[in-house]
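Student: This is the structure, below, for whatever I ask next.
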Amino acid sequence: MKKVNVFFSLLILGLGAFTAIAPYSFAHVCEVGEKVMKCHWTGRIELFIGISIALLGLLKLLSSDAKYQLGINAGILVNALGVILTPTVLIGVCGMKSMHCASVAKPTLIVFGILILAATLIQSFITWKKK
């Protein structure tokens with residue numbers, strides 16, 4: 001397997017894992033209290049999408065076929081868009097800018113989504129160019 005594929009597979013796997021754990025660790029969302037906030041549901045969806053991206057990164061690591069890599073990259077791109085759109089458009093976070101979910105979690109998830117998107121596009125271009 002090419003070193004480039006291994007690097008990007010591990011990068012995407014790691015970013016997917018960080019996306020999954022971020023809302024429940026360093027970029028935490030609001031806990032469930034008397035009222036369930038929007039950011040709680042954003043955290044739940046980001047957990048699922050992050051696990052999905054990490055598993056797709058693992059599948060990339062186990063394969064060296066260029067067509068297979070490009071197919072998995074298509075799935076990762078869709079998930080990366082989900083990472084970006086969930087806290088911004090689809091569900092959102094708390095409306096108060098001073099809340100941790102709005103000031104830390106939302107930008108963190110957007111950055112992770114952009115990094116996953118960029119890494120996947122770069123690896124797709126390299127794979128497609130060599131194919």
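Ordering of the structure tokens sets the chain letters (A, B, ...), residue numbers begin anew at 1 in every chain, and ligands are numbered from 1 in the order given.
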Mind checking which residues fall within 12 Å of Ala22 in chain A, counting only C-alpha atoms, ignoring those fewer than 2 positions away in the same chain, and posting them as an MDAnalysis selection string?

Tutor: chainID A and resid 14:20 24:29 42:51 83 101 104:112

Student: I'd like to know which residues of range 12-43 of chain A are helix (DSSP H, G or I) (by DSSP, run on the backbone); could you write them as a PyMOL selection string?

Tutor: chain A and resi 12-24+38-43

Student: Please produce a file of those selected residues containing N, CA, C and O atoms, as a PDB file, in the first residue's frame.

Tutor:
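Ended up saving to result_24.pdb:
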```pdb
ATOM      1  N   ILE A  12      -7.715  10.643   8.267  1.00  0.00           N
ATOM      2  CA  ILE A  12      -9.181  10.667   8.245  1.00  0.00           C
ATOM      3  C   ILE A  12      -9.751   9.857   9.409  1.00  0.00           C
ATOM      4  O   ILE A  12     -10.717  10.272  10.044  1.00  0.00           O
ATOM      5  N   LEU A  13      -9.135   8.728   9.708  1.00  0.00           N
ATOM      6  CA  LEU A  13      -9.580   7.931  10.855  1.00  0.00           C
ATOM      7  C   LEU A  13      -9.461   8.754  12.138  1.00  0.00           C
ATOM      8  O   LEU A  13     -10.388   8.786  12.954  1.00  0.00           O
ATOM      9  N   GLY A  14      -8.335   9.426  12.318  1.00  0.00           N
ATOM     10  CA  GLY A  14      -8.135  10.243  13.515  1.00  0.00           C
ATOM     11  C   GLY A  14      -9.087  11.423  13.594  1.00  0.00           C
ATOM     12  O   GLY A  14      -9.661  11.707  14.649  1.00  0.00           O
ATOM     13  N   LEU A  15      -9.269  12.112  12.475  1.00  0.00           N
ATOM     14  CA  LEU A  15     -10.195  13.248  12.469  1.00  0.00           C
ATOM     15  C   LEU A  15     -11.632  12.796  12.723  1.00  0.00           C
ATOM     16  O   LEU A  15     -12.396  13.480  13.398  1.00  0.00           O
ATOM     17  N   GLY A  16     -11.992  11.636  12.189  1.00  0.00           N
ATOM     18  CA  GLY A  16     -13.326  11.091  12.460  1.00  0.00           C
ATOM     19  C   GLY A  16     -13.505  10.772  13.933  1.00  0.00           C
ATOM     20  O   GLY A  16     -14.547  11.070  14.525  1.00  0.00           O
ATOM     21  N   ALA A  17     -12.473  10.192  14.539  1.00  0.00           N
ATOM     22  CA  ALA A  17     -12.543   9.875  15.973  1.00  0.00           C
ATOM     23  C   ALA A  17     -12.639  11.157  16.803  1.00  0.00           C
ATOM     24  O   ALA A  17     -13.428  11.242  17.749  1.00  0.00           O
ATOM     25  N   PHE A  18     -11.850  12.181  16.447  1.00  0.00           N
ATOM     26  CA  PHE A  18     -11.921  13.453  17.168  1.00  0.00           C
ATOM     27  C   PHE A  18     -13.291  14.111  16.997  1.00  0.00           C
ATOM     28  O   PHE A  18     -13.807  14.718  17.929  1.00  0.00           O
ATOM     29  N   THR A  19     -13.866  13.995  15.812  1.00  0.00           N
ATOM     30  CA  THR A  19     -15.203  14.544  15.582  1.00  0.00           C
ATOM     31  C   THR A  19     -16.227  13.851  16.471  1.00  0.00           C
ATOM     32  O   THR A  19     -17.136  14.487  17.004  1.00  0.00           O
ATOM     33  N   ALA A  20     -16.074  12.545  16.636  1.00  0.00           N
ATOM     34  CA  ALA A  20     -17.019  11.788  17.449  1.00  0.00           C
ATOM     35  C   ALA A  20     -16.912  12.138  18.930  1.00  0.00           C
ATOM     36  O   ALA A  20     -17.934  12.250  19.619  1.00  0.00           O
ATOM     37  N   ILE A  21     -15.694  12.330  19.427  1.00  0.00           N
ATOM     38  CA  ILE A  21     -15.530  12.560  20.868  1.00  0.00           C
ATOM     39  C   ILE A  21     -15.583  14.037  21.256  1.00  0.00           C
ATOM     40  O   ILE A  21     -15.792  14.347  22.428  1.00  0.00           O
ATOM     41  N   ALA A  22     -15.402  14.934  20.311  1.00  0.00           N
ATOM     42  CA  ALA A  22     -15.340  16.373  20.628  1.00  0.00           C
ATOM     43  C   ALA A  22     -16.560  16.886  21.394  1.00  0.00           C
ATOM     44  O   ALA A  22     -16.397  17.566  22.412  1.00  0.00           O
ATOM     45  N   PRO A  23     -17.797  16.576  20.953  1.00  0.00           N
ATOM     46  CA  PRO A  23     -18.954  17.132  21.681  1.00  0.00           C
ATOM     47  C   PRO A  23     -19.108  16.616  23.108  1.00  0.00           C
ATOM     48  O   PRO A  23     -19.879  17.163  23.884  1.00  0.00           O
ATOM     49  N   TYR A  24     -18.372  15.573  23.453  1.00  0.00           N
ATOM     50  CA  TYR A  24     -18.496  14.996  24.796  1.00  0.00           C
ATOM     51  C   TYR A  24     -17.214  15.114  25.606  1.00  0.00           C
ATOM     52  O   TYR A  24     -17.112  14.525  26.670  1.00  0.00           O
ATOM     53  N   LYS A  38     -30.773  22.265  21.548  1.00  0.00           N
ATOM     54  CA  LYS A  38     -30.441  21.837  20.188  1.00  0.00           C
ATOM     55  C   LYS A  38     -29.037  21.244  20.113  1.00  0.00           C
ATOM     56  O   LYS A  38     -28.799  20.302  19.360  1.00  0.00           O
ATOM     57  N   CYS A  39     -28.129  21.804  20.870  1.00  0.00           N
ATOM     58  CA  CYS A  39     -26.748  21.336  20.797  1.00  0.00           C
ATOM     59  C   CYS A  39     -26.611  19.887  21.268  1.00  0.00           C
ATOM     60  O   CYS A  39     -25.698  19.177  20.839  1.00  0.00           O
ATOM     61  N   HIS A  40     -27.498  19.435  22.138  1.00  0.00           N
ATOM     62  CA  HIS A  40     -27.484  18.028  22.565  1.00  0.00           C
ATOM     63  C   HIS A  40     -27.671  17.119  21.363  1.00  0.00           C
ATOM     64  O   HIS A  40     -26.955  16.132  21.200  1.00  0.00           O
ATOM     65  N   TRP A  41     -28.635  17.458  20.511  1.00  0.00           N
ATOM     66  CA  TRP A  41     -28.899  16.638  19.326  1.00  0.00           C
ATOM     67  C   TRP A  41     -27.782  16.780  18.302  1.00  0.00           C
ATOM     68  O   TRP A  41     -27.438  15.817  17.615  1.00  0.00           O
ATOM     69  N   THR A  42     -27.190  17.950  18.210  1.00  0.00           N
ATOM     70  CA  THR A  42     -26.026  18.133  17.343  1.00  0.00           C
ATOM     71  C   THR A  42     -24.892  17.213  17.797  1.00  0.00           C
ATOM     72  O   THR A  42     -24.238  16.563  16.980  1.00  0.00           O
ATOM     73  N   GLY A  43     -24.670  17.148  19.097  1.00  0.00           N
ATOM     74  CA  GLY A  43     -23.630  16.270  19.633  1.00  0.00           C
ATOM     75  C   GLY A  43     -23.883  14.813  19.321  1.00  0.00           C
ATOM     76  O   GLY A  43     -22.959  14.072  18.964  1.00  0.00           O
TER      77      GLY A  43
END
```

Student: Please, what distance in Å, to one decimal, runs between CA of Lys130 in chain A and CA of Asn73 in chain A?

Tutor: 15.5 Å

Student: May I have a table of the residues of range 11-70 of chain A lying at most 12 Å from range 122-125 of chain A, giving each one's closest pair of atoms and their distance in Å to one decimal, counting only C-alpha atoms, ordered by chain and ascending residue number, as a Markdown table?

Tutor:
```
| residue | atom | partner | partner_atom | distance |
| --- | --- | --- | --- | --- |
| A:Leu11 | CA | A:Gln123 | CA | 10.7 |
| A:Ile12 | CA | A:Gln123 | CA | 10.3 |
| A:Gly57 | CA | A:Gln123 | CA | 11.9 |
| A:Lys60 | CA | A:Gln123 | CA | 10.9 |
| A:Ala66 | CA | A:Ser124 | CA | 9.1 |
| A:Lys67 | CA | A:Ser124 | CA | 10.0 |
| A:Tyr68 | CA | A:Ser124 | CA | 10.9 |
| A:Gln69 | CA | A:Ser124 | CA | 7.8 |
| A:Leu70 | CA | A:Ser124 | CA | 6.0 |
```
